[in-house]
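What follows is the content of entry.pdb (PDB, C-alpha atoms, pLDDT in the B column).
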MODEL        1
ATOM      1  CA  GLY T   1     -12.763  -1.504 -19.040  1.00 70.00           C
ATOM      2  CA  SER T   2     -13.538   0.170 -15.729  1.00 73.00           C
ATOM      3  CA  CYS T   3     -11.894  -2.730 -13.838  1.00 73.00           C
ATOM      4  CA  TYR T   4      -8.674  -2.424 -15.845  1.00 71.00           C
ATOM      5  CA  HIS T   5      -8.706   1.362 -15.379  1.00 70.00           C
ATOM      6  CA  SER T   6      -9.264   1.087 -11.622  1.00 67.00           C
ATOM      7  CA  ILE T   7      -6.186  -1.130 -11.150  1.00 64.00           C
ATOM      8  CA  GLY T   8      -3.966   1.128 -13.246  1.00 66.00           C
ATOM      9  CA  ARG T   9      -4.126  -0.780 -16.552  1.00 71.00           C
ATOM     10  CA  SER T  10      -5.655   2.150 -18.418  1.00 75.00           C
ATOM     11  CA  TYR T  11      -4.034   1.315 -21.746  1.00 77.00           C
ATOM     12  CA  ASP T  12      -5.694  -2.115 -21.660  1.00 78.00           C
ATOM     13  CA  ALA T  13      -9.047  -0.461 -20.925  1.00 82.00           C
ATOM     14  CA  LEU T  14      -9.016   1.773 -24.026  1.00 84.00           C
ATOM     15  CA  GLU T  15      -9.901  -0.884 -26.590  1.00 85.00           C
ATOM     16  CA  LEU T  16     -12.636  -2.321 -24.373  1.00 86.00           C
ATOM     17  CA  LEU T  17     -14.259   1.090 -23.881  1.00 86.00           C
ATOM     18  CA  GLU T  18     -14.171   1.789 -27.609  1.00 89.00           C
ATOM     19  CA  GLU T  19     -15.880  -1.552 -28.263  1.00 89.00           C
ATOM     20  CA  CYS T  20     -18.433  -0.808 -25.535  1.00 88.00           C
ATOM     21  CA  LEU T  21     -19.281   2.568 -27.096  1.00 89.00           C
ATOM     22  CA  ASP T  22     -19.661   0.969 -30.547  1.00 90.00           C
ATOM     23  CA  ILE T  23     -22.121  -1.544 -29.108  1.00 90.00           C
ATOM     24  CA  CYS T  24     -24.084   1.150 -27.235  1.00 87.00           C
ATOM     25  CA  GLU T  25     -24.368   3.310 -30.351  1.00 87.00           C
ATOM     26  CA  VAL T  26     -25.855   0.375 -32.278  1.00 89.00           C
ATOM     27  CA  ALA T  27     -28.128  -0.771 -29.448  1.00 89.00           C
ATOM     28  CA  PHE T  28     -29.404   2.697 -28.562  1.00 86.00           C
ATOM     29  CA  SER T  29     -28.561   5.750 -30.651  1.00 84.00           C
ATOM     30  CA  MET T  30     -25.686   8.185 -31.096  1.00 85.00           C
ATOM     31  CA  SER T  31     -27.221  10.574 -28.561  1.00 84.00           C
ATOM     32  CA  HIS T  32     -28.840   8.213 -26.043  1.00 86.00           C
ATOM     33  CA  ALA T  33     -28.382   9.044 -22.357  1.00 84.00           C
ATOM     34  CA  ASN T  34     -26.922   5.582 -21.675  1.00 85.00           C
ATOM     35  CA  LEU T  35     -23.780   6.695 -23.525  1.00 86.00           C
ATOM     36  CA  ILE T  36     -22.976   9.382 -20.971  1.00 85.00           C
ATOM     37  CA  PRO T  37     -21.350   7.255 -18.205  1.00 85.00           C
ATOM     38  CA  ASN T  38     -19.362   5.300 -20.800  1.00 86.00           C
ATOM     39  CA  LEU T  39     -18.189   8.530 -22.447  1.00 88.00           C
ATOM     40  CA  MET T  40     -17.173   9.921 -19.060  1.00 85.00           C
ATOM     41  CA  LEU T  41     -15.102   6.816 -18.319  1.00 85.00           C
ATOM     42  CA  TYR T  42     -13.629   6.838 -21.838  1.00 88.00           C
ATOM     43  CA  GLY T  43     -12.668  10.502 -21.465  1.00 85.00           C
ATOM     44  CA  SER T  44     -11.019   9.794 -18.123  1.00 82.00           C
ATOM     45  CA  ILE T  45      -8.987   6.918 -19.584  1.00 83.00           C
ATOM     46  CA  LEU T  46      -7.936   9.045 -22.558  1.00 84.00           C
ATOM     47  CA  ARG T  47      -6.822  11.785 -20.162  1.00 79.00           C
ATOM     48  CA  VAL T  48      -4.792   9.391 -18.012  1.00 75.00           C
ATOM     49  CA  THR T  49      -3.103   7.838 -21.062  1.00 76.00           C
ATOM     50  CA  GLY T  50      -2.138  11.264 -22.373  1.00 75.00           C
ATOM     51  CA  ASN T  51      -4.589  11.769 -25.271  1.00 80.00           C
ATOM     52  CA  LEU T  52      -5.827  15.117 -23.985  1.00 79.00           C
ATOM     53  CA  HIS T  53      -7.249  16.458 -27.269  1.00 81.00           C
ATOM     54  CA  LYS T  54      -9.478  13.423 -27.811  1.00 87.00           C
ATOM     55  CA  SER T  55     -10.393  13.374 -24.127  1.00 84.00           C
ATOM     56  CA  ARG T  56     -11.693  16.943 -24.353  1.00 83.00           C
ATOM     57  CA  SER T  57     -13.862  16.129 -27.405  1.00 87.00           C
ATOM     58  CA  VAL T  58     -15.297  13.047 -25.649  1.00 88.00           C
ATOM     59  CA  TYR T  59     -16.243  15.126 -22.593  1.00 84.00           C
ATOM     60  CA  LYS T  60     -17.871  17.747 -24.813  1.00 85.00           C
ATOM     61  CA  ARG T  61     -19.877  15.031 -26.552  1.00 88.00           C
ATOM     62  CA  ALA T  62     -21.039  13.698 -23.170  1.00 85.00           C
ATOM     63  CA  LEU T  63     -22.181  17.204 -22.155  1.00 82.00           C
ATOM     64  CA  THR T  64     -23.990  17.728 -25.476  1.00 85.00           C
ATOM     65  CA  ILE T  65     -25.838  14.406 -25.088  1.00 85.00           C
ATOM     66  CA  HIS T  66     -26.719  15.288 -21.505  1.00 80.00           C
ATOM     67  CA  LYS T  67     -28.155  18.666 -22.498  1.00 81.00           C
ATOM     68  CA  LYS T  68     -30.100  17.109 -25.381  1.00 83.00           C
ATOM     69  CA  ASN T  69     -31.670  14.437 -23.163  1.00 80.00           C
ATOM     70  CA  PHE T  70     -32.243  16.385 -19.967  1.00 76.00           C
ATOM     71  CA  GLY T  71     -32.274  20.021 -21.036  1.00 70.00           C
ATOM     72  CA  ASP T  72     -33.066  22.331 -18.159  1.00 58.00           C
ATOM     73  CA  GLY T  73     -35.763  20.049 -16.713  1.00 58.00           C
ATOM     74  CA  ASN T  74     -33.691  18.783 -13.810  1.00 60.00           C
ATOM     75  CA  GLU T  75     -31.488  21.692 -12.828  1.00 65.00           C
ATOM     76  CA  LYS T  76     -29.775  19.814  -9.984  1.00 65.00           C
ATOM     77  CA  GLN T  77     -28.864  16.824 -12.180  1.00 63.00           C
ATOM     78  CA  ARG T  78     -27.720  19.046 -15.046  1.00 62.00           C
ATOM     79  CA  LYS T  79     -25.582  21.135 -12.687  1.00 66.00           C
ATOM     80  CA  GLY T  80     -24.030  17.998 -11.172  1.00 66.00           C
ATOM     81  CA  MET T  81     -23.128  16.673 -14.602  1.00 63.00           C
ATOM     82  CA  GLU T  82     -21.652  19.988 -15.705  1.00 64.00           C
ATOM     83  CA  ASP T  83     -19.607  20.232 -12.485  1.00 67.00           C
ATOM     84  CA  GLN T  84     -18.243  16.723 -13.012  1.00 66.00           C
ATOM     85  CA  LEU T  85     -17.294  17.535 -16.595  1.00 65.00           C
ATOM     86  CA  LEU T  86     -15.720  20.814 -15.488  1.00 63.00           C
ATOM     87  CA  ASP T  87     -13.578  18.963 -12.937  1.00 65.00           C
ATOM     88  CA  GLU T  88     -12.358  16.595 -15.660  1.00 64.00           C
ATOM     89  CA  MET T  89     -11.671  19.488 -18.048  1.00 60.00           C
ATOM     90  CA  ILE T  90      -9.625  21.255 -15.358  1.00 57.00           C
ATOM     91  CA  LEU T  91      -7.456  18.142 -15.062  1.00 59.00           C
ATOM     92  CA  ILE T  92      -6.801  18.369 -18.815  1.00 56.00           C
ATOM     93  CA  THR T  93      -5.838  22.050 -18.831  1.00 56.00           C
ATOM     94  CA  ASN T  94      -3.856  22.200 -15.583  1.00 56.00           C
ATOM     95  CA  PRO T  95      -0.491  20.405 -15.984  1.00 46.00           C
ATOM     96  CA  LYS T  96      -0.024  20.171 -12.222  1.00 46.00           C
ATOM     97  CA  MET T  97      -3.246  18.178 -11.884  1.00 43.00           C
ATOM     98  CA  LYS T  98      -2.746  15.738 -14.748  1.00 43.00           C
ATOM     99  CA  ALA T  99      -2.509  12.105 -13.859  1.00 42.00           C
ATOM    100  CA  PRO T 100       0.900  10.540 -14.512  1.00 45.00           C
ATOM    101  CA  LEU T 101       1.326   8.591 -17.732  1.00 45.00           C
ATOM    102  CA  ASP T 102       3.094   5.786 -15.892  1.00 49.00           C
ATOM    103  CA  MET T 103       0.837   3.070 -14.597  1.00 49.00           C
ATOM    104  CA  PRO T 104       1.525   1.966 -11.025  1.00 52.00           C
ATOM    105  CA  ILE T 105       3.084  -1.439 -10.517  1.00 52.00           C
ATOM    106  CA  PRO T 106       1.451  -3.149  -7.549  1.00 53.00           C
ATOM    107  CA  SER T 107       3.519  -4.229  -4.573  1.00 56.00           C
ATOM    108  CA  ILE T 108       4.526  -7.877  -4.655  1.00 60.00           C
ATOM    109  CA  GLN T 109       4.334 -10.271  -1.735  1.00 65.00           C
ATOM    110  CA  LEU T 110       7.486 -12.370  -2.008  1.00 67.00           C
ATOM    111  CA  GLU T 111       7.370 -15.960  -0.850  1.00 69.00           C
ATOM    112  CA  SER T 112      10.644 -16.675   0.951  1.00 74.00           C
ATOM    113  CA  GLU T 113      10.827 -20.384   0.123  1.00 80.00           C
ATOM    114  CA  LYS T 114      10.798 -19.792  -3.656  1.00 83.00           C
ATOM    115  CA  GLU T 115      13.296 -18.416  -6.135  1.00 86.00           C
ATOM    116  CA  HIS T 116      12.227 -14.976  -7.368  1.00 87.00           C
ATOM    117  CA  LEU T 117      12.484 -14.267 -11.077  1.00 88.00           C
ATOM    118  CA  LEU T 118      12.356 -10.895 -12.845  1.00 88.00           C
ATOM    119  CA  ILE T 119      12.481 -11.324 -16.623  1.00 87.00           C
ATOM    120  CA  CYS T 120      13.902  -8.644 -18.930  1.00 86.00           C
ATOM    121  CA  VAL T 121      12.970  -9.420 -22.536  1.00 83.00           C
ATOM    122  CA  ASP T 122      12.716  -8.061 -26.059  1.00 81.00           C
ATOM    123  CA  PHE T 123       9.310  -9.654 -26.430  1.00 78.00           C
ATOM    124  CA  GLY T 124       8.209 -10.249 -30.010  1.00 77.00           C
ATOM    125  CA  SER T 125      11.699 -10.280 -31.543  1.00 78.00           C
ATOM    126  CA  ARG T 126      12.522 -13.963 -31.060  1.00 80.00           C
ATOM    127  CA  PRO T 127      10.530 -17.089 -30.132  1.00 80.00           C
ATOM    128  CA  SER T 128      12.842 -17.903 -27.220  1.00 83.00           C
ATOM    129  CA  ASP T 129      11.353 -15.058 -25.156  1.00 83.00           C
ATOM    130  CA  GLU T 130       7.832 -16.442 -25.509  1.00 83.00           C
ATOM    131  CA  TYR T 131       9.166 -19.913 -24.681  1.00 85.00           C
ATOM    132  CA  MET T 132      10.941 -18.548 -21.600  1.00 86.00           C
ATOM    133  CA  LEU T 133       7.671 -17.057 -20.307  1.00 86.00           C
ATOM    134  CA  SER T 134       5.885 -20.371 -20.851  1.00 86.00           C
ATOM    135  CA  VAL T 135       8.596 -22.249 -18.935  1.00 88.00           C
ATOM    136  CA  ALA T 136       8.547 -19.666 -16.125  1.00 88.00           C
ATOM    137  CA  SER T 137       4.757 -20.004 -15.924  1.00 87.00           C
ATOM    138  CA  SER T 138       5.034 -23.790 -15.633  1.00 87.00           C
ATOM    139  CA  LEU T 139       7.745 -23.549 -12.965  1.00 88.00           C
ATOM    140  CA  GLN T 140       5.591 -21.124 -10.997  1.00 87.00           C
ATOM    141  CA  GLN T 141       2.603 -23.462 -11.186  1.00 86.00           C
ATOM    142  CA  MET T 142       4.884 -26.266  -9.899  1.00 86.00           C
ATOM    143  CA  GLY T 143       5.834 -24.059  -6.929  1.00 86.00           C
ATOM    144  CA  ILE T 144       9.513 -23.871  -7.846  1.00 88.00           C
ATOM    145  CA  LEU T 145       9.738 -20.139  -8.444  1.00 89.00           C
ATOM    146  CA  GLN T 146       7.780 -16.915  -8.167  1.00 88.00           C
ATOM    147  CA  LEU T 147       7.649 -14.742 -11.251  1.00 89.00           C
ATOM    148  CA  VAL T 148       8.025 -11.200  -9.896  1.00 88.00           C
ATOM    149  CA  GLY T 149       7.595  -9.266 -13.143  1.00 88.00           C
ATOM    150  CA  VAL T 150       8.407  -8.831 -16.809  1.00 88.00           C
ATOM    151  CA  ILE T 151      10.248  -5.804 -18.207  1.00 87.00           C
ATOM    152  CA  CYS T 152      10.443  -5.030 -21.919  1.00 86.00           C
ATOM    153  CA  VAL T 153      13.719  -3.239 -22.539  1.00 83.00           C
ATOM    154  CA  CYS T 154      14.242  -2.547 -26.263  1.00 83.00           C
ATOM    155  CA  PRO T 155      12.281  -0.240 -28.570  1.00 84.00           C
ATOM    156  CA  PRO T 156       9.422  -0.238 -29.219  1.00 83.00           C
ATOM    157  CA  GLN T 157       9.038  -0.934 -25.491  1.00 83.00           C
ATOM    158  CA  VAL T 158       5.334  -0.046 -25.169  1.00 82.00           C
ATOM    159  CA  GLU T 159       4.286  -2.368 -28.003  1.00 83.00           C
ATOM    160  CA  ARG T 160       6.469  -5.154 -26.612  1.00 85.00           C
ATOM    161  CA  ALA T 161       4.915  -4.634 -23.171  1.00 84.00           C
ATOM    162  CA  ASP T 162       1.425  -4.889 -24.704  1.00 82.00           C
ATOM    163  CA  MET T 163       2.358  -8.237 -26.252  1.00 82.00           C
ATOM    164  CA  ALA T 164       3.893  -9.444 -22.996  1.00 85.00           C
ATOM    165  CA  ARG T 165       0.770  -8.436 -21.056  1.00 82.00           C
ATOM    166  CA  GLY T 166      -1.400 -10.447 -23.437  1.00 81.00           C
ATOM    167  CA  ALA T 167       0.914 -13.436 -23.104  1.00 83.00           C
ATOM    168  CA  MET T 168       0.903 -13.249 -19.293  1.00 83.00           C
ATOM    169  CA  ASP T 169      -2.890 -13.062 -19.225  1.00 80.00           C
ATOM    170  CA  SER T 170      -3.185 -16.082 -21.536  1.00 78.00           C
ATOM    171  CA  LEU T 171      -0.769 -17.994 -19.275  1.00 82.00           C
ATOM    172  CA  LEU T 172      -3.157 -17.282 -16.366  1.00 81.00           C
ATOM    173  CA  LEU T 173      -0.709 -14.884 -14.721  1.00 84.00           C
ATOM    174  CA  PRO T 174      -2.715 -11.636 -14.638  1.00 81.00           C
ATOM    175  CA  ASP T 175      -1.204 -10.649 -11.266  1.00 81.00           C
ATOM    176  CA  VAL T 176       2.358 -10.585 -12.590  1.00 86.00           C
ATOM    177  CA  PRO T 177       3.137  -6.958 -13.519  1.00 86.00           C
ATOM    178  CA  VAL T 178       4.531  -6.048 -16.937  1.00 86.00           C
ATOM    179  CA  ALA T 179       6.596  -2.871 -17.324  1.00 85.00           C
ATOM    180  CA  PHE T 180       8.727  -1.231 -19.965  1.00 83.00           C
ATOM    181  CA  SER T 181      12.036   0.568 -19.674  1.00 79.00           C
ATOM    182  CA  GLY T 182      12.145   4.295 -20.223  1.00 74.00           C
ATOM    183  CA  VAL T 183      15.842   4.025 -21.119  1.00 66.00           C
ATOM    184  CA  SER T 184      16.911   3.270 -24.684  1.00 58.00           C
ATOM    185  CA  THR T 185      19.372   0.512 -25.537  1.00 54.00           C
ATOM    186  CA  ASP T 186      21.963   3.120 -26.587  1.00 58.00           C
ATOM    187  CA  GLN T 187      21.671   4.877 -23.235  1.00 59.00           C
ATOM    188  CA  MET T 188      22.116   1.579 -21.430  1.00 55.00           C
ATOM    189  CA  ASN T 189      25.210   0.729 -23.507  1.00 57.00           C
ATOM    190  CA  ASN T 190      26.722   4.170 -22.900  1.00 60.00           C
ATOM    191  CA  ASN T 191      26.170   4.038 -19.127  1.00 54.00           C
ATOM    192  CA  SER T 192      27.903   0.975 -17.775  1.00 50.00           C
ATOM    193  CA  GLY T 193      27.120   2.073 -14.234  1.00 47.00           C
ATOM    194  CA  LEU T 194      23.401   2.491 -14.889  1.00 48.00           C
ATOM    195  CA  MET T 195      21.314   0.620 -12.347  1.00 46.00           C
ATOM    196  CA  PHE T 196      17.596  -0.022 -12.010  1.00 46.00           C
ATOM    197  CA  LYS T 197      16.079   0.441  -8.589  1.00 40.00           C
ATOM    198  CA  SER T 198      13.082  -1.323  -7.133  1.00 39.00           C
ATOM    199  CA  ASP T 199      11.213  -0.270  -4.012  1.00 33.00           C
TER     200      ASP T 199
ENDMDL
END
Using structure tokens, write down the structure from this file.
Amino acid sequence: GSCYHSIGRSYDALELLEECLDICEVAFSMSHANLIPNLMLYGSILRVTGNLHKSRSVYKRALTIHKKNFGDGNEKQRKGMEDQLLDEMILITNPKMKAPLDMPIPSIQLESEKEHLLICVDFGSRPSDEYMLSVASSLQQMGILQLVGVICVCPPQVERADMARGAMDSLLLPDVPVAFSGVSTDQMNNNSGLMFKSD
């Protein structure tokens, strides 16, 4: 989960962190100190993905567990933990300091001798899209083209992007970024001059 979060795939990290916490609660206890770092990471991921209410409750749980396990015995450690939690809570309450909900798409090193392919799909609505990704994966492995990215364009874009990400990972293409359009199909149809820019 922390690896996904560190490379900007915070949505992918959520499920893994939830599973990790479930395992820790069975292996240890609901208030064991080993839960604290996992709760801190989980709270951070929730904050970045926009679930601020749940993030706040997770941070409060981490602080409660910390106080229960360490009390006032180690003032320096307790203070450090409280300061860290306070910093995270400030990020939640201050709109100017919130992390963006968009995940960064990494820069791509284009290989000049290959054709570059950017696929725009409605993943999950028809089998041909899945087939197209499989063919593109094979052509990339053969060295014929370089798959630059996949963009899911029709609602529900986020769910389609999640499916596409899973498909790309299973095709051994974890480095190919998957994105979703923030523009609805109606907006695209009503704006014939609408263009998408890439840096």
For the structure provided, state which residues fall under the PyMOL selection byres ((chain T and resi 160-169) around 8), and present them as a ChimeraX atom specification.
/T:122-124,130,133,150-152,155-159,170-174,176,178-180
Residues just named, written with C-alpha atoms as a short mmCIF file (atom, residue, chain, number, x, y, z; two decimals), in the coordinates of the input:
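Just written: out-v2.cif:
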data_model
loop_
_atom_site.label_atom_id
_atom_site.label_comp_id
_atom_site.auth_asym_id
_atom_site.auth_seq_id
_atom_site.Cartn_x
_atom_site.Cartn_y
_atom_site.Cartn_z
CA ASP T 122 12.72 -8.06 -26.06
CA PHE T 123 9.31 -9.65 -26.43
CA GLY T 124 8.21 -10.25 -30.01
CA GLU T 130 7.83 -16.44 -25.51
CA LEU T 133 7.67 -17.06 -20.31
CA VAL T 150 8.41 -8.83 -16.81
CA ILE T 151 10.25 -5.80 -18.21
CA CYS T 152 10.44 -5.03 -21.92
CA PRO T 155 12.28 -0.24 -28.57
CA PRO T 156 9.42 -0.24 -29.22
CA GLN T 157 9.04 -0.93 -25.49
CA VAL T 158 5.33 -0.05 -25.17
CA GLU T 159 4.29 -2.37 -28.00
CA SER T 170 -3.18 -16.08 -21.54
CA LEU T 171 -0.77 -17.99 -19.27
CA LEU T 172 -3.16 -17.28 -16.37
CA LEU T 173 -0.71 -14.88 -14.72
CA PRO T 174 -2.72 -11.64 -14.64
CA VAL T 176 2.36 -10.58 -12.59
CA VAL T 178 4.53 -6.05 -16.94
CA ALA T 179 6.60 -2.87 -17.32
CA PHE T 180 8.73 -1.23 -19.96
#
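Across the model, the gap from atom CA of T:Leu145 to atom CA of T:Ser125 is 25.2 Å.
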Taking the file above as input, evaluate the PyMOL selection byres ((chain T and resi 49) around 7) and report the hits as a PyMOL selection string.
chain T and resi 10-11+45-48+50-51+101
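Distances here use all atoms listed in the file; by that measure, the residue among T:Leu63, T:Ser44, T:Val148, T:Phe70 closest to T:Leu118 is T:Val148.
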